[in-house]
>>> print(open('coords-v1.txt').read())   # compact mmCIF, N, CA and C atoms
# COMPACT_ATOMS: atom_id res chain seq x y z
N MET A 1 -61.21 -39.49 -25.02
CA MET A 1 -61.26 -39.67 -23.58
C MET A 1 -62.46 -38.89 -23.04
N ILE A 2 -63.14 -39.47 -22.07
CA ILE A 2 -64.29 -38.84 -21.42
C ILE A 2 -63.95 -38.65 -19.95
N GLU A 3 -64.24 -37.45 -19.43
CA GLU A 3 -64.02 -37.15 -18.01
C GLU A 3 -65.35 -37.27 -17.28
N ILE A 4 -65.35 -38.02 -16.20
CA ILE A 4 -66.54 -38.13 -15.34
C ILE A 4 -66.17 -37.54 -13.99
N HIS A 5 -66.80 -36.42 -13.63
CA HIS A 5 -66.57 -35.75 -12.35
C HIS A 5 -67.70 -36.14 -11.41
N LEU A 6 -67.33 -36.73 -10.27
CA LEU A 6 -68.33 -37.16 -9.29
C LEU A 6 -68.30 -36.23 -8.09
N TYR A 7 -69.48 -35.93 -7.57
CA TYR A 7 -69.61 -34.99 -6.46
C TYR A 7 -70.36 -35.63 -5.30
N GLY A 8 -70.19 -35.03 -4.12
CA GLY A 8 -70.89 -35.50 -2.93
C GLY A 8 -70.54 -36.94 -2.61
N ASP A 9 -71.54 -37.69 -2.20
CA ASP A 9 -71.35 -39.10 -1.81
C ASP A 9 -70.87 -39.99 -2.95
N LEU A 10 -71.06 -39.56 -4.19
CA LEU A 10 -70.66 -40.39 -5.33
C LEU A 10 -69.15 -40.51 -5.45
N ARG A 11 -68.43 -39.61 -4.83
CA ARG A 11 -66.96 -39.61 -4.89
C ARG A 11 -66.37 -40.94 -4.43
N ARG A 12 -67.04 -41.56 -3.48
CA ARG A 12 -66.50 -42.78 -2.88
C ARG A 12 -66.34 -43.93 -3.89
N TYR A 13 -67.11 -43.89 -4.96
CA TYR A 13 -67.05 -44.98 -5.94
C TYR A 13 -65.76 -45.00 -6.74
N ILE A 14 -65.03 -43.91 -6.73
CA ILE A 14 -63.72 -43.94 -7.39
C ILE A 14 -62.60 -43.71 -6.38
N GLY A 15 -62.93 -43.88 -5.11
CA GLY A 15 -61.91 -43.85 -4.07
C GLY A 15 -61.39 -42.47 -3.70
N GLN A 16 -62.15 -41.43 -4.00
CA GLN A 16 -61.70 -40.07 -3.67
C GLN A 16 -62.75 -39.40 -2.77
N GLU A 17 -62.62 -39.60 -1.48
CA GLU A 17 -63.61 -39.05 -0.55
C GLU A 17 -63.21 -37.70 0.02
N ASP A 18 -62.00 -37.26 -0.23
CA ASP A 18 -61.54 -35.97 0.27
C ASP A 18 -62.15 -34.86 -0.57
N PRO A 19 -63.05 -34.04 0.01
CA PRO A 19 -63.73 -33.01 -0.78
C PRO A 19 -62.80 -31.91 -1.28
N ARG A 20 -61.58 -31.88 -0.79
CA ARG A 20 -60.61 -30.88 -1.27
C ARG A 20 -59.95 -31.30 -2.57
N GLN A 21 -60.14 -32.56 -2.94
CA GLN A 21 -59.54 -33.10 -4.16
C GLN A 21 -60.62 -33.36 -5.21
N ASP A 22 -60.28 -33.22 -6.46
CA ASP A 22 -61.22 -33.55 -7.53
C ASP A 22 -61.44 -35.05 -7.56
N ALA A 23 -62.66 -35.44 -7.84
CA ALA A 23 -63.00 -36.86 -8.00
C ALA A 23 -63.34 -37.06 -9.47
N VAL A 24 -62.33 -37.40 -10.25
CA VAL A 24 -62.48 -37.50 -11.70
C VAL A 24 -62.01 -38.87 -12.17
N ALA A 25 -62.84 -39.48 -13.00
CA ALA A 25 -62.48 -40.74 -13.63
C ALA A 25 -62.40 -40.49 -15.14
N PHE A 26 -61.53 -41.21 -15.80
CA PHE A 26 -61.37 -41.09 -17.24
C PHE A 26 -61.72 -42.41 -17.90
N LEU A 27 -62.55 -42.33 -18.92
CA LEU A 27 -62.93 -43.52 -19.68
C LEU A 27 -62.63 -43.29 -21.15
N ASN A 28 -62.25 -44.35 -21.83
CA ASN A 28 -62.06 -44.26 -23.27
C ASN A 28 -63.42 -44.10 -23.93
N ALA A 29 -63.49 -43.20 -24.90
CA ALA A 29 -64.73 -42.97 -25.64
C ALA A 29 -64.99 -44.18 -26.53
N ARG A 30 -66.25 -44.59 -26.55
CA ARG A 30 -66.69 -45.68 -27.42
C ARG A 30 -68.00 -45.28 -28.07
N LEU A 31 -68.20 -45.71 -29.29
CA LEU A 31 -69.41 -45.40 -30.02
C LEU A 31 -70.64 -45.88 -29.25
N GLY A 32 -71.56 -44.97 -28.99
CA GLY A 32 -72.82 -45.31 -28.35
C GLY A 32 -72.79 -45.37 -26.84
N LEU A 33 -71.65 -45.10 -26.21
CA LEU A 33 -71.56 -45.15 -24.75
C LEU A 33 -72.44 -44.06 -24.15
N THR A 34 -73.35 -44.46 -23.24
CA THR A 34 -74.21 -43.49 -22.57
C THR A 34 -73.65 -43.15 -21.20
N VAL A 35 -74.17 -42.08 -20.62
CA VAL A 35 -73.76 -41.71 -19.27
C VAL A 35 -74.07 -42.85 -18.31
N ALA A 36 -75.24 -43.46 -18.44
CA ALA A 36 -75.61 -44.58 -17.56
C ALA A 36 -74.61 -45.72 -17.65
N GLU A 37 -74.20 -46.08 -18.85
CA GLU A 37 -73.22 -47.16 -19.02
C GLU A 37 -71.87 -46.78 -18.43
N ALA A 38 -71.48 -45.53 -18.60
CA ALA A 38 -70.20 -45.07 -18.04
C ALA A 38 -70.24 -45.15 -16.52
N LEU A 39 -71.34 -44.71 -15.91
CA LEU A 39 -71.45 -44.78 -14.45
C LEU A 39 -71.45 -46.22 -13.97
N GLN A 40 -72.12 -47.10 -14.67
CA GLN A 40 -72.12 -48.52 -14.29
C GLN A 40 -70.71 -49.10 -14.35
N GLU A 41 -69.93 -48.70 -15.34
CA GLU A 41 -68.54 -49.17 -15.44
C GLU A 41 -67.73 -48.73 -14.23
N LEU A 42 -68.07 -47.57 -13.68
CA LEU A 42 -67.36 -47.05 -12.51
C LEU A 42 -67.92 -47.62 -11.20
N GLY A 43 -69.00 -48.38 -11.29
CA GLY A 43 -69.61 -48.96 -10.09
C GLY A 43 -70.56 -48.02 -9.38
N VAL A 44 -70.98 -46.95 -10.04
CA VAL A 44 -71.91 -46.00 -9.45
C VAL A 44 -73.35 -46.48 -9.69
N PRO A 45 -74.10 -46.74 -8.62
CA PRO A 45 -75.50 -47.16 -8.80
C PRO A 45 -76.32 -46.03 -9.43
N LEU A 46 -77.06 -46.34 -10.47
CA LEU A 46 -77.80 -45.31 -11.19
C LEU A 46 -78.86 -44.65 -10.33
N ASP A 47 -79.38 -45.36 -9.35
CA ASP A 47 -80.42 -44.76 -8.51
C ASP A 47 -79.85 -43.71 -7.56
N GLU A 48 -78.53 -43.60 -7.47
CA GLU A 48 -77.91 -42.56 -6.64
C GLU A 48 -77.55 -41.32 -7.44
N ALA A 49 -77.50 -41.42 -8.76
CA ALA A 49 -77.15 -40.29 -9.61
C ALA A 49 -78.40 -39.48 -9.92
N ARG A 50 -78.31 -38.17 -9.78
CA ARG A 50 -79.51 -37.34 -9.94
C ARG A 50 -79.32 -36.23 -10.97
N HIS A 51 -78.43 -35.34 -10.72
CA HIS A 51 -78.24 -34.18 -11.59
C HIS A 51 -77.02 -34.41 -12.48
N ILE A 52 -77.23 -34.34 -13.79
CA ILE A 52 -76.18 -34.61 -14.76
C ILE A 52 -75.90 -33.34 -15.57
N PHE A 53 -74.63 -33.00 -15.66
CA PHE A 53 -74.19 -31.90 -16.50
C PHE A 53 -73.26 -32.48 -17.55
N ILE A 54 -73.46 -32.08 -18.80
CA ILE A 54 -72.58 -32.51 -19.87
C ILE A 54 -72.00 -31.27 -20.52
N ASN A 55 -70.68 -31.17 -20.46
CA ASN A 55 -69.96 -30.02 -21.00
C ASN A 55 -70.52 -28.71 -20.45
N GLY A 56 -70.83 -28.71 -19.16
CA GLY A 56 -71.28 -27.50 -18.48
C GLY A 56 -72.76 -27.21 -18.58
N LEU A 57 -73.51 -28.01 -19.33
CA LEU A 57 -74.94 -27.79 -19.46
C LEU A 57 -75.72 -28.84 -18.67
N TYR A 58 -76.69 -28.37 -17.90
CA TYR A 58 -77.55 -29.29 -17.17
C TYR A 58 -78.36 -30.09 -18.16
N ASP A 59 -78.43 -31.39 -17.95
CA ASP A 59 -79.15 -32.27 -18.86
C ASP A 59 -80.10 -33.15 -18.06
N PRO A 60 -81.39 -32.79 -17.99
CA PRO A 60 -82.34 -33.55 -17.18
C PRO A 60 -82.51 -34.99 -17.62
N GLU A 61 -82.15 -35.31 -18.84
CA GLU A 61 -82.22 -36.68 -19.33
C GLU A 61 -80.82 -37.25 -19.55
N GLY A 62 -79.89 -36.76 -18.76
CA GLY A 62 -78.47 -37.05 -18.96
C GLY A 62 -78.06 -38.49 -18.92
N LEU A 63 -78.72 -39.33 -18.14
CA LEU A 63 -78.31 -40.73 -18.05
C LEU A 63 -78.38 -41.43 -19.40
N GLU A 64 -79.31 -41.03 -20.23
CA GLU A 64 -79.49 -41.67 -21.54
C GLU A 64 -78.66 -41.02 -22.65
N ARG A 65 -78.00 -39.93 -22.32
CA ARG A 65 -77.25 -39.19 -23.33
C ARG A 65 -76.04 -39.98 -23.80
N LYS A 66 -75.82 -40.03 -25.11
CA LYS A 66 -74.64 -40.69 -25.67
C LYS A 66 -73.47 -39.74 -25.61
N LEU A 67 -72.35 -40.27 -25.22
CA LEU A 67 -71.15 -39.46 -25.02
C LEU A 67 -70.25 -39.50 -26.25
N GLN A 68 -69.45 -38.45 -26.35
CA GLN A 68 -68.49 -38.34 -27.45
C GLN A 68 -67.11 -38.08 -26.86
N ASP A 69 -66.10 -38.38 -27.63
CA ASP A 69 -64.73 -38.12 -27.20
C ASP A 69 -64.58 -36.66 -26.81
N GLY A 70 -63.98 -36.41 -25.65
CA GLY A 70 -63.76 -35.05 -25.17
C GLY A 70 -64.85 -34.53 -24.25
N ASP A 71 -65.94 -35.27 -24.09
CA ASP A 71 -67.02 -34.81 -23.21
C ASP A 71 -66.58 -34.80 -21.75
N ARG A 72 -67.10 -33.82 -21.02
CA ARG A 72 -66.90 -33.72 -19.57
C ARG A 72 -68.26 -33.84 -18.92
N VAL A 73 -68.39 -34.80 -18.02
CA VAL A 73 -69.66 -35.09 -17.37
C VAL A 73 -69.53 -34.81 -15.89
N GLY A 74 -70.49 -34.09 -15.33
CA GLY A 74 -70.56 -33.85 -13.90
C GLY A 74 -71.79 -34.56 -13.36
N VAL A 75 -71.61 -35.34 -12.28
CA VAL A 75 -72.72 -36.11 -11.73
C VAL A 75 -72.84 -35.81 -10.24
N PHE A 76 -74.04 -35.36 -9.85
CA PHE A 76 -74.34 -35.05 -8.46
C PHE A 76 -75.32 -36.08 -7.92
N PRO A 77 -75.20 -36.44 -6.64
CA PRO A 77 -76.08 -37.46 -6.06
C PRO A 77 -77.48 -36.94 -5.76
N ARG A 78 -78.39 -37.89 -5.56
CA ARG A 78 -79.78 -37.57 -5.22
C ARG A 78 -79.87 -36.77 -3.93
N ASN A 79 -79.00 -37.07 -2.97
CA ASN A 79 -79.11 -36.42 -1.67
C ASN A 79 -78.47 -35.03 -1.63
N MET A 80 -78.02 -34.54 -2.75
CA MET A 80 -77.41 -33.21 -2.81
C MET A 80 -78.41 -32.27 -3.49
N THR A 81 -78.94 -31.33 -2.73
CA THR A 81 -79.93 -30.42 -3.30
C THR A 81 -79.25 -29.39 -4.18
N MET A 82 -79.96 -28.98 -5.19
CA MET A 82 -79.45 -27.98 -6.12
C MET A 82 -80.57 -26.96 -6.34
N PRO A 83 -80.78 -26.08 -5.36
CA PRO A 83 -81.91 -25.16 -5.45
C PRO A 83 -81.85 -24.19 -6.61
N HIS A 84 -80.69 -23.96 -7.17
CA HIS A 84 -80.57 -23.00 -8.27
C HIS A 84 -80.43 -23.69 -9.62
N ILE A 85 -80.88 -24.92 -9.71
CA ILE A 85 -80.73 -25.69 -10.96
C ILE A 85 -81.40 -24.98 -12.13
N ARG A 86 -82.45 -24.23 -11.88
CA ARG A 86 -83.13 -23.53 -12.98
C ARG A 86 -82.25 -22.46 -13.63
N LEU A 87 -81.18 -22.08 -12.98
CA LEU A 87 -80.27 -21.09 -13.56
C LEU A 87 -79.41 -21.67 -14.67
N PHE A 88 -79.32 -22.99 -14.72
CA PHE A 88 -78.52 -23.64 -15.75
C PHE A 88 -79.40 -23.94 -16.94
N ALA A 89 -78.97 -23.54 -18.09
CA ALA A 89 -79.75 -23.80 -19.29
C ALA A 89 -79.74 -25.29 -19.60
N PRO A 90 -80.91 -25.93 -19.61
CA PRO A 90 -80.92 -27.36 -19.93
C PRO A 90 -80.62 -27.58 -21.41
N ARG A 91 -80.07 -28.71 -21.68
CA ARG A 91 -79.81 -29.11 -23.06
C ARG A 91 -81.16 -29.36 -23.72
N THR A 92 -81.35 -28.86 -24.90
CA THR A 92 -82.61 -29.07 -25.61
C THR A 92 -82.48 -30.26 -26.55
N LYS A 93 -83.62 -30.74 -27.03
CA LYS A 93 -83.59 -31.86 -27.98
C LYS A 93 -82.75 -31.50 -29.20
N HIS A 94 -82.91 -30.27 -29.68
CA HIS A 94 -82.15 -29.83 -30.85
C HIS A 94 -80.65 -29.88 -30.60
N GLU A 95 -80.21 -29.41 -29.44
CA GLU A 95 -78.77 -29.42 -29.11
C GLU A 95 -78.25 -30.83 -28.99
N SER A 96 -79.06 -31.73 -28.44
CA SER A 96 -78.58 -33.10 -28.20
C SER A 96 -78.43 -33.87 -29.49
N GLN A 97 -79.10 -33.43 -30.56
CA GLN A 97 -79.00 -34.15 -31.84
C GLN A 97 -77.92 -33.58 -32.73
N ALA A 98 -77.37 -32.45 -32.33
CA ALA A 98 -76.33 -31.80 -33.14
C ALA A 98 -75.02 -32.53 -33.03
>>> encode(input="coords-v1.txt", output="structure tokens")
Amino acid sequence: MIEIHLYGDLRRYIGQEDPRQDAVAFLNARLGLTVAEALQELGVPLDEARHIFINGLYDPEGLERKLQDGDRVGVFPRNMTMPHIRLFAPRTKHESQA
């Protein structure tokens, strides 16, 4: 199972607009499923997704990242600024291939 956590305006795509409630969708893990494909399945336009975190790590190339069973994905919209993004260690090429 994969958890997709949506933030800001993206929450509306899974019907959870109340900011006091978590906006989480669950998808069955499938071989080769990318973050982009998962978001498309949820009806989230890719041009609205900006900052992607996978298992707590910021991933600047997150839309293309292949997901695995148990992954937790956080997706923030383009219109949500993240001035402290540099504080999050980005996933490196080496980590993504492990």
>>> closest_residue(input="coords-v1.txt", among="A:Ala29, A:Val24, A:Leu67, A:Leu42", to="Ile54 of chain A", atoms="only C-alpha atoms")
A:Leu67
>>> select_by_dssp(input="coords-v1.txt", residues="chain A", states="strand (DSSP E)", output="list in words")
Ile2, Glu3, Ile4, His5, Leu6, Val24, Ala25, Phe26, Leu27, Ala49, Arg50, His51, Ile52, Phe53, Ile54, Leu57, Tyr58, Arg72, Val73, Gly74, Val75, Phe76 and Pro77 of chain A
>>> write_last_selection(input="coords-v1.txt", atoms="N, CA and C atoms", output="PDB file, keeping the file's coordinate frame")
ATOM      1  N   ILE A   2     -63.140 -39.470 -22.070  1.00  0.00           N
ATOM      2  CA  ILE A   2     -64.290 -38.840 -21.420  1.00  0.00           C
ATOM      3  C   ILE A   2     -63.950 -38.650 -19.950  1.00  0.00           C
ATOM      4  N   GLU A   3     -64.240 -37.450 -19.430  1.00  0.00           N
ATOM      5  CA  GLU A   3     -64.020 -37.150 -18.010  1.00  0.00           C
ATOM      6  C   GLU A   3     -65.350 -37.270 -17.280  1.00  0.00           C
ATOM      7  N   ILE A   4     -65.350 -38.020 -16.200  1.00  0.00           N
ATOM      8  CA  ILE A   4     -66.540 -38.130 -15.340  1.00  0.00           C
ATOM      9  C   ILE A   4     -66.170 -37.540 -13.990  1.00  0.00           C
ATOM     10  N   HIS A   5     -66.800 -36.420 -13.630  1.00  0.00           N
ATOM     11  CA  HIS A   5     -66.570 -35.750 -12.350  1.00  0.00           C
ATOM     12  C   HIS A   5     -67.700 -36.140 -11.410  1.00  0.00           C
ATOM     13  N   LEU A   6     -67.330 -36.730 -10.270  1.00  0.00           N
ATOM     14  CA  LEU A   6     -68.330 -37.160  -9.290  1.00  0.00           C
ATOM     15  C   LEU A   6     -68.300 -36.230  -8.090  1.00  0.00           C
ATOM     16  N   VAL A  24     -62.330 -37.400 -10.250  1.00  0.00           N
ATOM     17  CA  VAL A  24     -62.480 -37.500 -11.700  1.00  0.00           C
ATOM     18  C   VAL A  24     -62.010 -38.870 -12.170  1.00  0.00           C
ATOM     19  N   ALA A  25     -62.840 -39.480 -13.000  1.00  0.00           N
ATOM     20  CA  ALA A  25     -62.480 -40.740 -13.630  1.00  0.00           C
ATOM     21  C   ALA A  25     -62.400 -40.490 -15.140  1.00  0.00           C
ATOM     22  N   PHE A  26     -61.530 -41.210 -15.800  1.00  0.00           N
ATOM     23  CA  PHE A  26     -61.370 -41.090 -17.240  1.00  0.00           C
ATOM     24  C   PHE A  26     -61.720 -42.410 -17.900  1.00  0.00           C
ATOM     25  N   LEU A  27     -62.550 -42.330 -18.920  1.00  0.00           N
ATOM     26  CA  LEU A  27     -62.930 -43.520 -19.680  1.00  0.00           C
ATOM     27  C   LEU A  27     -62.630 -43.290 -21.150  1.00  0.00           C
ATOM     28  N   ALA A  49     -77.500 -41.420  -8.760  1.00  0.00           N
ATOM     29  CA  ALA A  49     -77.150 -40.290  -9.610  1.00  0.00           C
ATOM     30  C   ALA A  49     -78.400 -39.480  -9.920  1.00  0.00           C
ATOM     31  N   ARG A  50     -78.310 -38.170  -9.780  1.00  0.00           N
ATOM     32  CA  ARG A  50     -79.510 -37.340  -9.940  1.00  0.00           C
ATOM     33  C   ARG A  50     -79.320 -36.230 -10.970  1.00  0.00           C
ATOM     34  N   HIS A  51     -78.430 -35.340 -10.720  1.00  0.00           N
ATOM     35  CA  HIS A  51     -78.240 -34.180 -11.590  1.00  0.00           C
ATOM     36  C   HIS A  51     -77.020 -34.410 -12.480  1.00  0.00           C
ATOM     37  N   ILE A  52     -77.230 -34.340 -13.790  1.00  0.00           N
ATOM     38  CA  ILE A  52     -76.180 -34.610 -14.760  1.00  0.00           C
ATOM     39  C   ILE A  52     -75.900 -33.340 -15.570  1.00  0.00           C
ATOM     40  N   PHE A  53     -74.630 -33.000 -15.660  1.00  0.00           N
ATOM     41  CA  PHE A  53     -74.190 -31.900 -16.500  1.00  0.00           C
ATOM     42  C   PHE A  53     -73.260 -32.480 -17.550  1.00  0.00           C
ATOM     43  N   ILE A  54     -73.460 -32.080 -18.800  1.00  0.00           N
ATOM     44  CA  ILE A  54     -72.580 -32.510 -19.870  1.00  0.00           C
ATOM     45  C   ILE A  54     -72.000 -31.270 -20.520  1.00  0.00           C
ATOM     46  N   LEU A  57     -73.510 -28.010 -19.330  1.00  0.00           N
ATOM     47  CA  LEU A  57     -74.940 -27.790 -19.460  1.00  0.00           C
ATOM     48  C   LEU A  57     -75.720 -28.840 -18.670  1.00  0.00           C
ATOM     49  N   TYR A  58     -76.690 -28.370 -17.900  1.00  0.00           N
ATOM     50  CA  TYR A  58     -77.550 -29.290 -17.170  1.00  0.00           C
ATOM     51  C   TYR A  58     -78.360 -30.090 -18.160  1.00  0.00           C
ATOM     52  N   ARG A  72     -67.100 -33.820 -21.020  1.00  0.00           N
ATOM     53  CA  ARG A  72     -66.900 -33.720 -19.570  1.00  0.00           C
ATOM     54  C   ARG A  72     -68.260 -33.840 -18.920  1.00  0.00           C
ATOM     55  N   VAL A  73     -68.390 -34.800 -18.020  1.00  0.00           N
ATOM     56  CA  VAL A  73     -69.660 -35.090 -17.370  1.00  0.00           C
ATOM     57  C   VAL A  73     -69.530 -34.810 -15.890  1.00  0.00           C
ATOM     58  N   GLY A  74     -70.490 -34.090 -15.330  1.00  0.00           N
ATOM     59  CA  GLY A  74     -70.560 -33.850 -13.900  1.00  0.00           C
ATOM     60  C   GLY A  74     -71.790 -34.560 -13.360  1.00  0.00           C
ATOM     61  N   VAL A  75     -71.610 -35.340 -12.280  1.00  0.00           N
ATOM     62  CA  VAL A  75     -72.720 -36.110 -11.730  1.00  0.00           C
ATOM     63  C   VAL A  75     -72.840 -35.810 -10.240  1.00  0.00           C
ATOM     64  N   PHE A  76     -74.040 -35.360  -9.850  1.00  0.00           N
ATOM     65  CA  PHE A  76     -74.340 -35.050  -8.460  1.00  0.00           C
ATOM     66  C   PHE A  76     -75.320 -36.080  -7.920  1.00  0.00           C
ATOM     67  N   PRO A  77     -75.200 -36.440  -6.640  1.00  0.00           N
ATOM     68  CA  PRO A  77     -76.080 -37.460  -6.060  1.00  0.00           C
ATOM     69  C   PRO A  77     -77.480 -36.940  -5.760  1.00  0.00           C
TER      70      PRO A  77
END
>>> closest_residue(input="coords-v1.txt", among="A:Arg65, A:Val73, A:Met80, A:Tyr7", to="Ala36 of chain A", atoms="all atoms listed in the file")
A:Arg65
>>> atom_distance(input="coords-v1.txt", atom1="atom CA of Leu6 of chain A", atom2="atom CA of Glu64 of chain A")
17.2 Å
>>> residues_around(input="coords-v1.txt", residues="Ile52 of chain A", least_positions_apart="5", cutoff="7 Å", atoms="only N, CA and C atoms", output="PDB file with N, CA and C atoms, keeping the file's coordinate frame")
ATOM      1  N   LEU A  57     -73.510 -28.010 -19.330  1.00  0.00           N
ATOM      2  CA  LEU A  57     -74.940 -27.790 -19.460  1.00  0.00           C
ATOM      3  C   LEU A  57     -75.720 -28.840 -18.670  1.00  0.00           C
ATOM      4  N   TYR A  58     -76.690 -28.370 -17.900  1.00  0.00           N
ATOM      5  CA  TYR A  58     -77.550 -29.290 -17.170  1.00  0.00           C
ATOM      6  C   TYR A  58     -78.360 -30.090 -18.160  1.00  0.00           C
ATOM      7  N   ASP A  59     -78.430 -31.390 -17.950  1.00  0.00           N
ATOM      8  CA  ASP A  59     -79.150 -32.270 -18.860  1.00  0.00           C
ATOM      9  C   ASP A  59     -80.100 -33.150 -18.060  1.00  0.00           C
ATOM     10  N   PRO A  60     -81.390 -32.790 -17.990  1.00  0.00           N
ATOM     11  CA  PRO A  60     -82.340 -33.550 -17.180  1.00  0.00           C
ATOM     12  C   PRO A  60     -82.510 -34.990 -17.620  1.00  0.00           C
ATOM     13  N   GLY A  62     -79.890 -36.760 -18.760  1.00  0.00           N
ATOM     14  CA  GLY A  62     -78.470 -37.050 -18.960  1.00  0.00           C
ATOM     15  C   GLY A  62     -78.060 -38.490 -18.920  1.00  0.00           C
ATOM     16  N   LEU A  63     -78.720 -39.330 -18.140  1.00  0.00           N
ATOM     17  CA  LEU A  63     -78.310 -40.730 -18.050  1.00  0.00           C
ATOM     18  C   LEU A  63     -78.380 -41.430 -19.400  1.00  0.00           C
ATOM     19  N   VAL A  73     -68.390 -34.800 -18.020  1.00  0.00           N
ATOM     20  CA  VAL A  73     -69.660 -35.090 -17.370  1.00  0.00           C
ATOM     21  C   VAL A  73     -69.530 -34.810 -15.890  1.00  0.00           C
ATOM     22  N   GLY A  74     -70.490 -34.090 -15.330  1.00  0.00           N
ATOM     23  CA  GLY A  74     -70.560 -33.850 -13.900  1.00  0.00           C
ATOM     24  C   GLY A  74     -71.790 -34.560 -13.360  1.00  0.00           C
ATOM     25  N   VAL A  75     -71.610 -35.340 -12.280  1.00  0.00           N
ATOM     26  CA  VAL A  75     -72.720 -36.110 -11.730  1.00  0.00           C
ATOM     27  C   VAL A  75     -72.840 -35.810 -10.240  1.00  0.00           C
ATOM     28  N   PHE A  76     -74.040 -35.360  -9.850  1.00  0.00           N
ATOM     29  CA  PHE A  76     -74.340 -35.050  -8.460  1.00  0.00           C
ATOM     30  C   PHE A  76     -75.320 -36.080  -7.920  1.00  0.00           C
TER      31      PHE A  76
END
>>> residues_around(input="coords-v1.txt", residues="Leu31 of chain A", least_positions_apart="3", cutoff="10 Å", atoms="only C-alpha atoms", output="list in words")
Thr34, Lys66, Leu67, Gln68 and Asp69 of chain A
